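Structure file coords_27.pdb (PDB, C-alpha atoms and all ligand atoms) is printed below.
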ATOM      1  CA  MET R   1       9.733-154.230  44.294  1.00  0.00           C
ATOM      2  CA  THR R   2       8.692-156.090  41.171  1.00  0.00           C
ATOM      3  CA  GLN R   3      11.132-156.602  38.335  1.00  0.00           C
ATOM      4  CA  ALA R   4       9.677-155.846  34.884  1.00  0.00           C
ATOM      5  CA  ALA R   5       9.910-158.719  32.438  1.00  0.00           C
ATOM      6  CA  PRO R   6      12.689-157.973  29.905  1.00  0.00           C
ATOM      7  CA  ASP R   7      10.395-157.651  26.913  1.00  0.00           C
ATOM      8  CA  GLN R   8       8.134-155.297  28.854  1.00  0.00           C
ATOM      9  CA  ASP R   9      10.885-152.929  29.808  1.00  0.00           C
ATOM     10  CA  ILE R  10       9.697-150.010  27.723  1.00  0.00           C
ATOM     11  CA  ARG R  11      12.400-147.717  29.014  1.00  0.00           C
ATOM     12  CA  PHE R  12      15.023-150.077  27.626  1.00  0.00           C
ATOM     13  CA  GLY R  13      16.499-150.316  31.092  1.00  0.00           C
ATOM     14  CA  GLY R  14      19.689-151.880  32.404  1.00  0.00           C
ATOM     15  CA  PHE R  15      18.712-155.543  32.322  1.00  0.00           C
ATOM     16  CA  VAL R  16      17.583-155.608  28.695  1.00  0.00           C
ATOM     17  CA  SER R  17      20.443-153.514  27.387  1.00  0.00           C
ATOM     18  CA  ALA R  18      23.085-155.551  29.264  1.00  0.00           C
ATOM     19  CA  ARG R  19      21.844-158.726  27.580  1.00  0.00           C
ATOM     20  CA  ALA R  20      21.629-157.064  24.162  1.00  0.00           C
ATOM     21  CA  ARG R  21      25.145-155.690  24.640  1.00  0.00           C
ATOM     22  CA  ALA R  22      26.478-159.135  25.534  1.00  0.00           C
ATOM     23  CA  ARG R  23      25.035-160.481  22.280  1.00  0.00           C
ATOM     24  CA  LEU R  24      26.586-157.628  20.318  1.00  0.00           C
ATOM     25  CA  VAL R  25      29.982-158.362  21.895  1.00  0.00           C
ATOM     26  CA  GLU R  26      29.708-162.036  20.920  1.00  0.00           C
ATOM     27  CA  GLY R  27      28.933-160.892  17.362  1.00  0.00           C
ATOM     28  CA  LEU R  28      32.034-158.681  17.361  1.00  0.00           C
ATOM     29  CA  ARG R  29      34.198-161.588  18.570  1.00  0.00           C
ATOM     30  CA  GLY R  30      32.732-163.653  15.730  1.00  0.00           C
ATOM     31  CA  LYS R  31      33.846-160.946  13.284  1.00  0.00           C
ATOM     32  CA  ASP R  32      37.383-161.242  14.643  1.00  0.00           C
ATOM     33  CA  ILE R  33      37.590-158.307  17.047  1.00  0.00           C
ATOM     34  CA  LYS R  34      40.127-159.554  19.596  1.00  0.00           C
ATOM     35  CA  HIS R  35      41.271-156.639  21.770  1.00  0.00           C
ATOM     36  CA  GLU R  36      39.804-157.357  25.215  1.00  0.00           C
ATOM     37  CA  ALA R  37      39.698-153.705  26.297  1.00  0.00           C
ATOM     38  CA  VAL R  38      37.750-152.814  23.146  1.00  0.00           C
ATOM     39  CA  LEU R  39      35.272-155.639  23.734  1.00  0.00           C
ATOM     40  CA  LYS R  40      34.949-154.570  27.366  1.00  0.00           C
ATOM     41  CA  ALA R  41      34.077-151.029  26.250  1.00  0.00           C
ATOM     42  CA  PHE R  42      31.281-152.423  24.082  1.00  0.00           C
ATOM     43  CA  SER R  43      29.885-154.487  26.920  1.00  0.00           C
ATOM     44  CA  SER R  44      29.755-151.521  29.278  1.00  0.00           C
ATOM     45  CA  ILE R  45      28.770-148.482  27.159  1.00  0.00           C
ATOM     46  CA  PRO R  46      24.999-148.107  26.652  1.00  0.00           C
ATOM     47  CA  ARG R  47      24.812-147.304  22.902  1.00  0.00           C
ATOM     48  CA  HIS R  48      21.087-146.580  23.255  1.00  0.00           C
ATOM     49  CA  GLU R  49      21.983-143.437  25.241  1.00  0.00           C
ATOM     50  CA  PHE R  50      23.460-141.972  22.032  1.00  0.00           C
ATOM     51  CA  LEU R  51      20.284-142.425  19.983  1.00  0.00           C
ATOM     52  CA  GLU R  52      16.943-140.656  19.795  1.00  0.00           C
ATOM     53  CA  GLU R  53      13.995-142.356  21.488  1.00  0.00           C
ATOM     54  CA  ALA R  54      12.525-143.931  18.335  1.00  0.00           C
ATOM     55  CA  LEU R  55      15.803-145.725  17.501  1.00  0.00           C
ATOM     56  CA  LYS R  56      16.849-146.914  20.962  1.00  0.00           C
ATOM     57  CA  GLY R  57      15.328-150.335  20.351  1.00  0.00           C
ATOM     58  CA  ARG R  58      17.785-150.892  17.496  1.00  0.00           C
ATOM     59  CA  ALA R  59      20.861-149.735  19.407  1.00  0.00           C
ATOM     60  CA  TYR R  60      22.464-153.186  19.684  1.00  0.00           C
ATOM     61  CA  GLU R  61      22.054-154.199  16.063  1.00  0.00           C
ATOM     62  CA  ASP R  62      25.344-154.137  14.218  1.00  0.00           C
ATOM     63  CA  THR R  63      24.285-151.314  11.901  1.00  0.00           C
ATOM     64  CA  ALA R  64      24.819-147.601  11.368  1.00  0.00           C
ATOM     65  CA  LEU R  65      21.768-145.491  12.328  1.00  0.00           C
ATOM     66  CA  PRO R  66      20.736-141.879  11.617  1.00  0.00           C
ATOM     67  CA  ILE R  67      21.507-139.165  14.204  1.00  0.00           C
ATOM     68  CA  GLY R  68      20.094-136.188  12.246  1.00  0.00           C
ATOM     69  CA  TYR R  69      21.766-133.601   9.999  1.00  0.00           C
ATOM     70  CA  GLN R  70      22.261-136.380   7.408  1.00  0.00           C
ATOM     71  CA  GLN R  71      24.851-137.971   9.694  1.00  0.00           C
ATOM     72  CA  THR R  72      25.016-141.448  11.199  1.00  0.00           C
ATOM     73  CA  ILE R  73      26.280-143.208  14.299  1.00  0.00           C
ATOM     74  CA  SER R  74      28.823-145.673  12.869  1.00  0.00           C
ATOM     75  CA  GLN R  75      28.250-149.428  12.731  1.00  0.00           C
ATOM     76  CA  PRO R  76      29.532-151.057  15.961  1.00  0.00           C
ATOM     77  CA  TYR R  77      31.832-153.446  14.052  1.00  0.00           C
ATOM     78  CA  ILE R  78      33.516-150.513  12.271  1.00  0.00           C
ATOM     79  CA  VAL R  79      33.884-148.595  15.574  1.00  0.00           C
ATOM     80  CA  ALA R  80      35.492-151.692  17.135  1.00  0.00           C
ATOM     81  CA  LEU R  81      37.760-152.314  14.134  1.00  0.00           C
ATOM     82  CA  MET R  82      38.948-148.698  13.981  1.00  0.00           C
ATOM     83  CA  THR R  83      39.641-148.662  17.720  1.00  0.00           C
ATOM     84  CA  GLU R  84      41.592-151.915  17.463  1.00  0.00           C
ATOM     85  CA  LEU R  85      43.626-150.542  14.523  1.00  0.00           C
ATOM     86  CA  LEU R  86      44.292-147.324  16.460  1.00  0.00           C
ATOM     87  CA  LEU R  87      45.612-149.247  19.453  1.00  0.00           C
ATOM     88  CA  ALA R  88      47.841-151.359  17.173  1.00  0.00           C
ATOM     89  CA  GLY R  89      48.476-153.990  19.812  1.00  0.00           C
ATOM     90  CA  ARG R  90      48.977-151.455  22.628  1.00  0.00           C
ATOM     91  CA  GLN R  91      46.966-152.021  25.805  1.00  0.00           C
ATOM     92  CA  ARG R  92      46.013-148.349  25.964  1.00  0.00           C
ATOM     93  CA  ALA R  93      46.805-145.112  24.163  1.00  0.00           C
ATOM     94  CA  GLN R  94      47.672-141.805  25.831  1.00  0.00           C
ATOM     95  CA  ARG R  95      46.412-138.829  23.826  1.00  0.00           C
ATOM     96  CA  VAL R  96      43.986-139.374  20.966  1.00  0.00           C
ATOM     97  CA  LEU R  97      42.334-136.946  18.541  1.00  0.00           C
ATOM     98  CA  GLU R  98      39.000-137.856  16.951  1.00  0.00           C
ATOM     99  CA  ILE R  99      37.618-135.843  14.010  1.00  0.00           C
ATOM    100  CA  GLY R 100      33.827-136.203  13.636  1.00  0.00           C
ATOM    101  CA  THR R 101      32.324-136.630  17.129  1.00  0.00           C
ATOM    102  CA  GLY R 102      28.805-137.250  15.756  1.00  0.00           C
ATOM    103  CA  SER R 103      26.771-138.929  18.497  1.00  0.00           C
ATOM    104  CA  GLY R 104      29.790-139.300  20.777  1.00  0.00           C
ATOM    105  CA  PHE R 105      29.597-143.102  20.892  1.00  0.00           C
ATOM    106  CA  GLN R 106      33.006-143.690  19.283  1.00  0.00           C
ATOM    107  CA  THR R 107      34.321-140.966  21.610  1.00  0.00           C
ATOM    108  CA  ALA R 108      33.025-142.921  24.622  1.00  0.00           C
ATOM    109  CA  VAL R 109      34.725-146.098  23.386  1.00  0.00           C
ATOM    110  CA  LEU R 110      38.005-144.202  22.934  1.00  0.00           C
ATOM    111  CA  ALA R 111      37.622-142.670  26.409  1.00  0.00           C
ATOM    112  CA  GLN R 112      37.775-146.186  27.884  1.00  0.00           C
ATOM    113  CA  VAL R 113      40.956-147.227  26.112  1.00  0.00           C
ATOM    114  CA  CYS R 114      42.828-143.878  26.111  1.00  0.00           C
ATOM    115  CA  GLU R 115      44.012-141.564  28.868  1.00  0.00           C
ATOM    116  CA  ARG R 116      42.723-138.432  27.169  1.00  0.00           C
ATOM    117  CA  VAL R 117      40.479-137.893  24.115  1.00  0.00           C
ATOM    118  CA  PHE R 118      40.119-134.702  22.071  1.00  0.00           C
ATOM    119  CA  SER R 119      37.228-134.667  19.622  1.00  0.00           C
ATOM    120  CA  ILE R 120      36.069-132.113  17.023  1.00  0.00           C
ATOM    121  CA  GLU R 121      32.591-131.883  15.457  1.00  0.00           C
ATOM    122  CA  ARG R 122      31.560-129.423  12.711  1.00  0.00           C
ATOM    123  CA  VAL R 123      27.772-129.448  13.435  1.00  0.00           C
ATOM    124  CA  GLY R 124      27.049-127.413  16.573  1.00  0.00           C
ATOM    125  CA  THR R 125      23.846-129.216  17.577  1.00  0.00           C
ATOM    126  CA  LEU R 126      25.531-132.619  17.281  1.00  0.00           C
ATOM    127  CA  ALA R 127      28.468-131.374  19.357  1.00  0.00           C
ATOM    128  CA  ASP R 128      26.028-130.145  22.064  1.00  0.00           C
ATOM    129  CA  ARG R 129      24.146-133.447  22.099  1.00  0.00           C
ATOM    130  CA  ALA R 130      27.360-135.472  22.218  1.00  0.00           C
ATOM    131  CA  ARG R 131      28.489-133.376  25.186  1.00  0.00           C
ATOM    132  CA  GLU R 132      25.211-134.143  26.974  1.00  0.00           C
ATOM    133  CA  HIS R 133      25.499-137.881  26.239  1.00  0.00           C
ATOM    134  CA  LEU R 134      29.046-138.038  27.597  1.00  0.00           C
ATOM    135  CA  GLN R 135      28.150-135.983  30.681  1.00  0.00           C
ATOM    136  CA  ARG R 136      25.175-138.212  31.460  1.00  0.00           C
ATOM    137  CA  LEU R 137      27.531-141.204  31.467  1.00  0.00           C
ATOM    138  CA  ASN R 138      29.989-139.247  33.616  1.00  0.00           C
ATOM    139  CA  ILE R 139      32.809-139.579  31.090  1.00  0.00           C
ATOM    140  CA  GLN R 140      35.368-136.958  32.108  1.00  0.00           C
ATOM    141  CA  ASN R 141      38.543-137.539  30.105  1.00  0.00           C
ATOM    142  CA  VAL R 142      37.153-136.025  26.882  1.00  0.00           C
ATOM    143  CA  SER R 143      37.523-132.479  25.521  1.00  0.00           C
ATOM    144  CA  LEU R 144      35.018-131.583  22.779  1.00  0.00           C
ATOM    145  CA  ARG R 145      35.318-128.727  20.315  1.00  0.00           C
ATOM    146  CA  HIS R 146      32.814-127.377  17.804  1.00  0.00           C
ATOM    147  CA  GLY R 147      34.715-126.556  14.604  1.00  0.00           C
ATOM    148  CA  ASP R 148      36.368-127.806  11.450  1.00  0.00           C
ATOM    149  CA  GLY R 149      38.621-130.748  12.240  1.00  0.00           C
ATOM    150  CA  ALA R 150      40.541-130.506   8.969  1.00  0.00           C
ATOM    151  CA  ASN R 151      43.422-128.763  10.690  1.00  0.00           C
ATOM    152  CA  GLY R 152      43.462-131.030  13.719  1.00  0.00           C
ATOM    153  CA  TRP R 153      44.074-129.537  17.180  1.00  0.00           C
ATOM    154  CA  ALA R 154      47.735-128.544  17.138  1.00  0.00           C
ATOM    155  CA  THR R 155      47.867-127.039  20.641  1.00  0.00           C
ATOM    156  CA  LYS R 156      46.792-130.373  22.199  1.00  0.00           C
ATOM    157  CA  GLY R 157      49.138-132.563  20.138  1.00  0.00           C
ATOM    158  CA  PRO R 158      51.207-134.464  19.335  1.00  0.00           C
ATOM    159  CA  PHE R 159      48.792-137.391  19.522  1.00  0.00           C
ATOM    160  CA  ASP R 160      49.636-141.057  19.695  1.00  0.00           C
ATOM    161  CA  GLY R 161      46.415-141.774  17.838  1.00  0.00           C
ATOM    162  CA  ILE R 162      44.289-139.791  15.358  1.00  0.00           C
ATOM    163  CA  MET R 163      40.959-141.135  14.095  1.00  0.00           C
ATOM    164  CA  LEU R 164      38.764-139.670  11.364  1.00  0.00           C
ATOM    165  CA  THR R 165      35.132-140.778  11.344  1.00  0.00           C
ATOM    166  CA  ALA R 166      34.243-138.784   8.213  1.00  0.00           C
ATOM    167  CA  ALA R 167      36.014-139.494   4.929  1.00  0.00           C
ATOM    168  CA  PRO R 168      38.353-137.011   3.223  1.00  0.00           C
ATOM    169  CA  GLU R 169      39.484-137.670  -0.346  1.00  0.00           C
ATOM    170  CA  LYS R 170      42.982-137.569   1.052  1.00  0.00           C
ATOM    171  CA  VAL R 171      44.220-137.215   4.634  1.00  0.00           C
ATOM    172  CA  SER R 172      46.071-133.889   4.950  1.00  0.00           C
ATOM    173  CA  GLU R 173      49.739-133.475   5.835  1.00  0.00           C
ATOM    174  CA  THR R 174      48.627-131.167   8.667  1.00  0.00           C
ATOM    175  CA  LEU R 175      47.135-134.158  10.485  1.00  0.00           C
ATOM    176  CA  PHE R 176      50.190-136.378   9.972  1.00  0.00           C
ATOM    177  CA  ALA R 177      52.293-133.555  11.419  1.00  0.00           C
ATOM    178  CA  GLN R 178      50.284-133.810  14.687  1.00  0.00           C
ATOM    179  CA  LEU R 179      51.008-137.533  15.034  1.00  0.00           C
ATOM    180  CA  ALA R 180      53.665-138.477  17.608  1.00  0.00           C
ATOM    181  CA  GLU R 181      56.490-140.882  16.802  1.00  0.00           C
ATOM    182  CA  GLY R 182      55.027-144.400  17.012  1.00  0.00           C
ATOM    183  CA  GLY R 183      51.518-142.937  16.625  1.00  0.00           C
ATOM    184  CA  VAL R 184      48.751-144.387  14.450  1.00  0.00           C
ATOM    185  CA  LEU R 185      46.270-142.533  12.230  1.00  0.00           C
ATOM    186  CA  VAL R 186      43.098-144.375  11.153  1.00  0.00           C
ATOM    187  CA  ALA R 187      40.796-142.961   8.468  1.00  0.00           C
ATOM    188  CA  PRO R 188      38.406-143.834   5.689  1.00  0.00           C
ATOM    189  CA  GLU R 189      39.787-142.276   2.507  1.00  0.00           C
ATOM    190  CA  GLY R 190      38.160-141.909  -0.905  1.00  0.00           C
ATOM    191  CA  THR R 191      35.213-140.461  -2.786  1.00  0.00           C
ATOM    192  CA  GLN R 192      31.651-140.181  -1.519  1.00  0.00           C
ATOM    193  CA  TYR R 193      30.805-143.613  -2.914  1.00  0.00           C
ATOM    194  CA  GLN R 194      33.978-145.622  -2.565  1.00  0.00           C
ATOM    195  CA  GLN R 195      36.260-145.529   0.435  1.00  0.00           C
ATOM    196  CA  ARG R 196      38.777-147.760   2.073  1.00  0.00           C
ATOM    197  CA  LEU R 197      39.724-147.821   5.732  1.00  0.00           C
ATOM    198  CA  LEU R 198      43.437-147.066   5.933  1.00  0.00           C
ATOM    199  CA  TYR R 199      45.899-146.741   8.770  1.00  0.00           C
ATOM    200  CA  TRP R 200      49.287-145.194   9.006  1.00  0.00           C
ATOM    201  CA  VAL R 201      52.048-145.731  11.552  1.00  0.00           C
ATOM    202  CA  LYS R 202      54.666-143.038  12.113  1.00  0.00           C
ATOM    203  CA  LYS R 203      58.036-144.703  12.457  1.00  0.00           C
ATOM    204  CA  ASP R 204      61.446-143.018  12.301  1.00  0.00           C
ATOM    205  CA  ARG R 205      59.587-139.967  10.994  1.00  0.00           C
ATOM    206  CA  ALA R 206      58.355-141.874   7.912  1.00  0.00           C
ATOM    207  CA  VAL R 207      54.663-142.750   7.687  1.00  0.00           C
ATOM    208  CA  LEU R 208      53.802-146.296   6.611  1.00  0.00           C
ATOM    209  CA  ARG R 209      50.389-146.941   5.085  1.00  0.00           C
ATOM    210  CA  ARG R 210      48.356-150.141   5.432  1.00  0.00           C
ATOM    211  CA  LYS R 211      44.964-151.077   4.004  1.00  0.00           C
ATOM    212  CA  SER R 212      41.942-152.471   5.800  1.00  0.00           C
ATOM    213  CA  VAL R 213      38.367-153.078   4.610  1.00  0.00           C
ATOM    214  CA  GLU R 214      36.107-151.147   2.219  1.00  0.00           C
ATOM    215  CA  VAL R 215      33.691-148.832   4.038  1.00  0.00           C
ATOM    216  CA  VAL R 216      31.017-146.196   3.516  1.00  0.00           C
ATOM    217  CA  PHE R 217      31.359-143.080   5.672  1.00  0.00           C
ATOM    218  CA  VAL R 218      29.845-139.647   5.347  1.00  0.00           C
ATOM    219  CA  PRO R 219      32.253-137.279   3.582  1.00  0.00           C
ATOM    220  CA  MET R 220      34.397-134.875   5.553  1.00  0.00           C
ATOM    221  CA  ARG R 221      33.125-131.349   4.887  1.00  0.00           C
ATOM    222  CA  PRO R 222      34.879-128.015   5.199  1.00  0.00           C
ATOM    223  CA  GLY R 223      33.937-125.294   7.682  1.00  0.00           C
ATOM    224  CA  HIS R 224      31.420-125.600  10.487  1.00  0.00           C
ATOM    225  CA  VAL R 225      27.693-124.964  10.973  1.00  0.00           C
ATOM    226  CA  GLN R 226      25.377-124.376  13.905  1.00  0.00           C
TER     227      GLN R 226
HETATM  228  N1  LIG R 301      31.850-141.517  15.256  1.00  0.00           N
HETATM  229  C1  LIG R 301      30.600-140.883  14.986  1.00  0.00           C
HETATM  230  C2  LIG R 301      30.420-140.763  13.496  1.00  0.00           C
HETATM  231  C3  LIG R 301      29.550-139.658  13.102  1.00  0.00           C
HETATM  232  S1  LIG R 301      29.433-139.412  11.338  1.00  0.00           S
HETATM  233  C4  LIG R 301      29.469-141.692  15.594  1.00  0.00           C
HETATM  234  O1  LIG R 301      29.586-142.918  15.620  1.00  0.00           O
HETATM  235  O2  LIG R 301      28.459-141.123  16.021  1.00  0.00           O
HETATM  236  C5  LIG R 301      30.775-138.308  11.035  1.00  0.00           C
HETATM  237  C6  LIG R 301      30.732-136.966  11.709  1.00  0.00           C
HETATM  238  O3  LIG R 301      31.792-136.194  11.171  1.00  0.00           O
HETATM  239  C7  LIG R 301      29.456-136.165  11.466  1.00  0.00           C
HETATM  240  O4  LIG R 301      28.877-135.841  12.689  1.00  0.00           O
HETATM  241  C8  LIG R 301      29.950-134.920  10.713  1.00  0.00           C
HETATM  242  O5  LIG R 301      29.225-133.745  11.049  1.00  0.00           O
HETATM  243  C9  LIG R 301      31.403-134.831  11.166  1.00  0.00           C
HETATM  244  N2  LIG R 301      32.300-134.082  10.279  1.00  0.00           N
HETATM  245  C10 LIG R 301      32.322-134.038   8.923  1.00  0.00           C
HETATM  246  N3  LIG R 301      33.303-133.229   8.489  1.00  0.00           N
HETATM  247  C11 LIG R 301      33.924-132.735   9.596  1.00  0.00           C
HETATM  248  C12 LIG R 301      35.003-131.820   9.818  1.00  0.00           C
HETATM  249  N4  LIG R 301      35.655-131.224   8.813  1.00  0.00           N
HETATM  250  N5  LIG R 301      35.365-131.558  11.093  1.00  0.00           N
HETATM  251  C13 LIG R 301      34.711-132.114  12.145  1.00  0.00           C
HETATM  252  N6  LIG R 301      33.687-132.980  12.003  1.00  0.00           N
HETATM  253  C14 LIG R 301      33.287-133.291  10.747  1.00  0.00           C
END

Can you turn what I pasted into structure tokens?
Amino acid sequence: MTQAAPDQDIRFGGFVSARARARLVEGLRGKDIKHEAVLKAFSSIPRHEFLEEALKGRAYEDTALPIGYQQTISQPYIVALMTELLLAGRQRAQRVLEIGTGSGFQTAVLAQVCERVFSIERVGTLADRAREHLQRLNIQNVSLRHGDGANGWATKGPFDGIMLTAAPEKVSETLFAQLAEGGVLVAPEGTQYQQRLLYWVKKDRAVLRRKSVEVVFVPMRPGHVQ
């Protein structure tokens, strides 16, 4: 059998994407992502599988890209940073809630570093596509729900990590209430134009807030749509 030359691999097959992924991982190391399990997730998950055909060729650039419905797949560096903050030095997390499944890429990264992931998406079509992407990669420790994530998923909590990938003006008390003792909540918080990535650690029932970098996320919206 003949092996296609890398630059002729129009299907963006394994060989090309593995090399592109390795370069992306080196870039993430250069931006100070240190958690080995997070880096390993980036070297093994094919980000191009979460994108439409026309954008697959850009999958390993460190940029956010459109996924339809005015939403975006987050920039790889931000996905890595948020995952590292969520783990807070732990090797793995047990139960994690993600709000804003989008393409499902961040969900797939979480699925590698957590025992069980629960993820909520308000746009039905995006939730369906994310489910397909995760099934195609045979990722089985994820439960997806189509709905409004504002109230979390109380029956599955408490969680030792909660991550928001859409920005509320303020994270609600309802979500903090679903955080387990020692748990970490990571979220962009602010207005549509100016947000900061924040994380909170629940310790002795108090919640301590820390600041990270400035970011631009899509706003968290109420309700859900098909
Ligand atoms: N982590 C995703 C980011 C997608 S963008 C990725 O990398 O693909 C943020 C997502 O949050 C969008 O898909 C948007 O529809 C969803 N979202 C916004 N408000 C929401 C809410 N209240 N509940 C659940 N999902 C919400």

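When atom CA of R:Arg47 is paired with atom CA of R:Ile139, their separation reads 13.8 Å.
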
When the cut-off is 9 Å and you count all atoms listed in the file, which residues lie near ligand LIG 301 (chain R), shown as a PyMOL selection string? chain R and resi 50+64-76+79+98-107+119-124+126-127+130+145-152+164-168+217-225

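Shortest separation to R:Leu134 among R:Leu97, R:Ala154, R:Met82, R:Ile45 occurs at residue R:Ile45, atoms counted being only C-alpha atoms.
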
Considering only C-alpha atoms, state which residue in the set R:Ser212, R:Ser172, R:Gln112, R:Thr83 is at the smallest distance from R:Leu198. R:Ser212

Taking all atoms of stretch 189-196 of chain R that the file lists, what box with edges along x, y and z, padded by 8 Å per side, do you get, with centre and edge lengths in Å to one decimal, as lines of an AutoDock Vina configuration file?
center_x = 35.3
center_y = -144.0
center_z = -0.2
size_x = 25.0
size_y = 23.6
size_z = 21.4

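For the file shown, the residue list from the PyMOL selection byres (((chain R and resi 140) around 10) and not hetatm) reads Ala108, Ala111, Arg116, Val117, Leu134, Gln135, Leu137, Asn138, Ile139, Asn141, Val142 and Ser143 of chain R.
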
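Distance-wise, atom CA of R:Trp200 and atom CA of R:Cys114 end up 18.3 Å apart.
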
Long-range neighbours of stretch 19-23 of chain R as a PyMOL selection string, 7 Å cut-off, all atoms listed in the file, 5 positions minimum in chain: chain R and resi 42-43+60

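The space separating atom CA of R:Arg205 from atom CA of R:Thr191 comes to 28.0 Å.
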
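Applied to the shown file, the PyMOL selection byres (((chain R and resi 182) around 8) and not hetatm) selects the residues Asp160, Ala180, Glu181, Gly183, Val184, Val201, Lys202 and Lys203 of chain R.
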
Residues of the last selection are to be written out with C-alpha atoms, as a PDB file, in the frame of the given file.
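Once written, part.pdb looks like this:
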ATOM      1  CA  ASP R 160      49.636-141.057  19.695  1.00  0.00           C
ATOM      2  CA  ALA R 180      53.665-138.477  17.608  1.00  0.00           C
ATOM      3  CA  GLU R 181      56.490-140.882  16.802  1.00  0.00           C
ATOM      4  CA  GLY R 183      51.518-142.937  16.625  1.00  0.00           C
ATOM      5  CA  VAL R 184      48.751-144.387  14.450  1.00  0.00           C
ATOM      6  CA  VAL R 201      52.048-145.731  11.552  1.00  0.00           C
ATOM      7  CA  LYS R 202      54.666-143.038  12.113  1.00  0.00           C
ATOM      8  CA  LYS R 203      58.036-144.703  12.457  1.00  0.00           C
TER       9      LYS R 203
END

Which residues, named as in the file, does the PyMOL selection byres (((chain R and resi 48) around 10) and not hetatm) pick out? Answer as a short mmCIF file (atom, residue, chain, number, x, y, z; two decimals) with C-alpha atoms, in the coordinates of the input.
data_model
loop_
_atom_site.label_atom_id
_atom_site.label_comp_id
_atom_site.auth_asym_id
_atom_site.auth_seq_id
_atom_site.Cartn_x
_atom_site.Cartn_y
_atom_site.Cartn_z
CA PHE R 12 15.02 -150.08 27.63
CA GLY R 13 16.50 -150.32 31.09
CA SER R 17 20.44 -153.51 27.39
CA ILE R 45 28.77 -148.48 27.16
CA PRO R 46 25.00 -148.11 26.65
CA ARG R 47 24.81 -147.30 22.90
CA GLU R 49 21.98 -143.44 25.24
CA PHE R 50 23.46 -141.97 22.03
CA LEU R 51 20.28 -142.43 19.98
CA GLU R 52 16.94 -140.66 19.80
CA GLU R 53 14.00 -142.36 21.49
CA LEU R 55 15.80 -145.72 17.50
CA LYS R 56 16.85 -146.91 20.96
CA GLY R 57 15.33 -150.34 20.35
CA ARG R 58 17.78 -150.89 17.50
CA ALA R 59 20.86 -149.74 19.41
CA TYR R 60 22.46 -153.19 19.68
CA PHE R 105 29.60 -143.10 20.89
#

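Distances here use only C-alpha atoms; by that measure, the residue among R:Leu110, R:Leu87, R:Ala18, R:Glu169 closest to R:Leu185 is R:Leu87.
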
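Candidate residues R:Val38, R:Leu24, R:Ala177, R:Val171 were compared for distance to R:Gly157, and the nearest is R:Ala177, using all atoms listed in the file.
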
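Proximity of R:Glu173, R:Glu214, R:Asp62, R:Asp32 to R:Leu81, computed with only C-alpha atoms, is greatest for R:Asp32.
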
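Distance check against R:Lys156 using only C-alpha atoms: of R:Leu28, R:Val96, R:Ile78, R:Leu208, the minimum falls on R:Val96.
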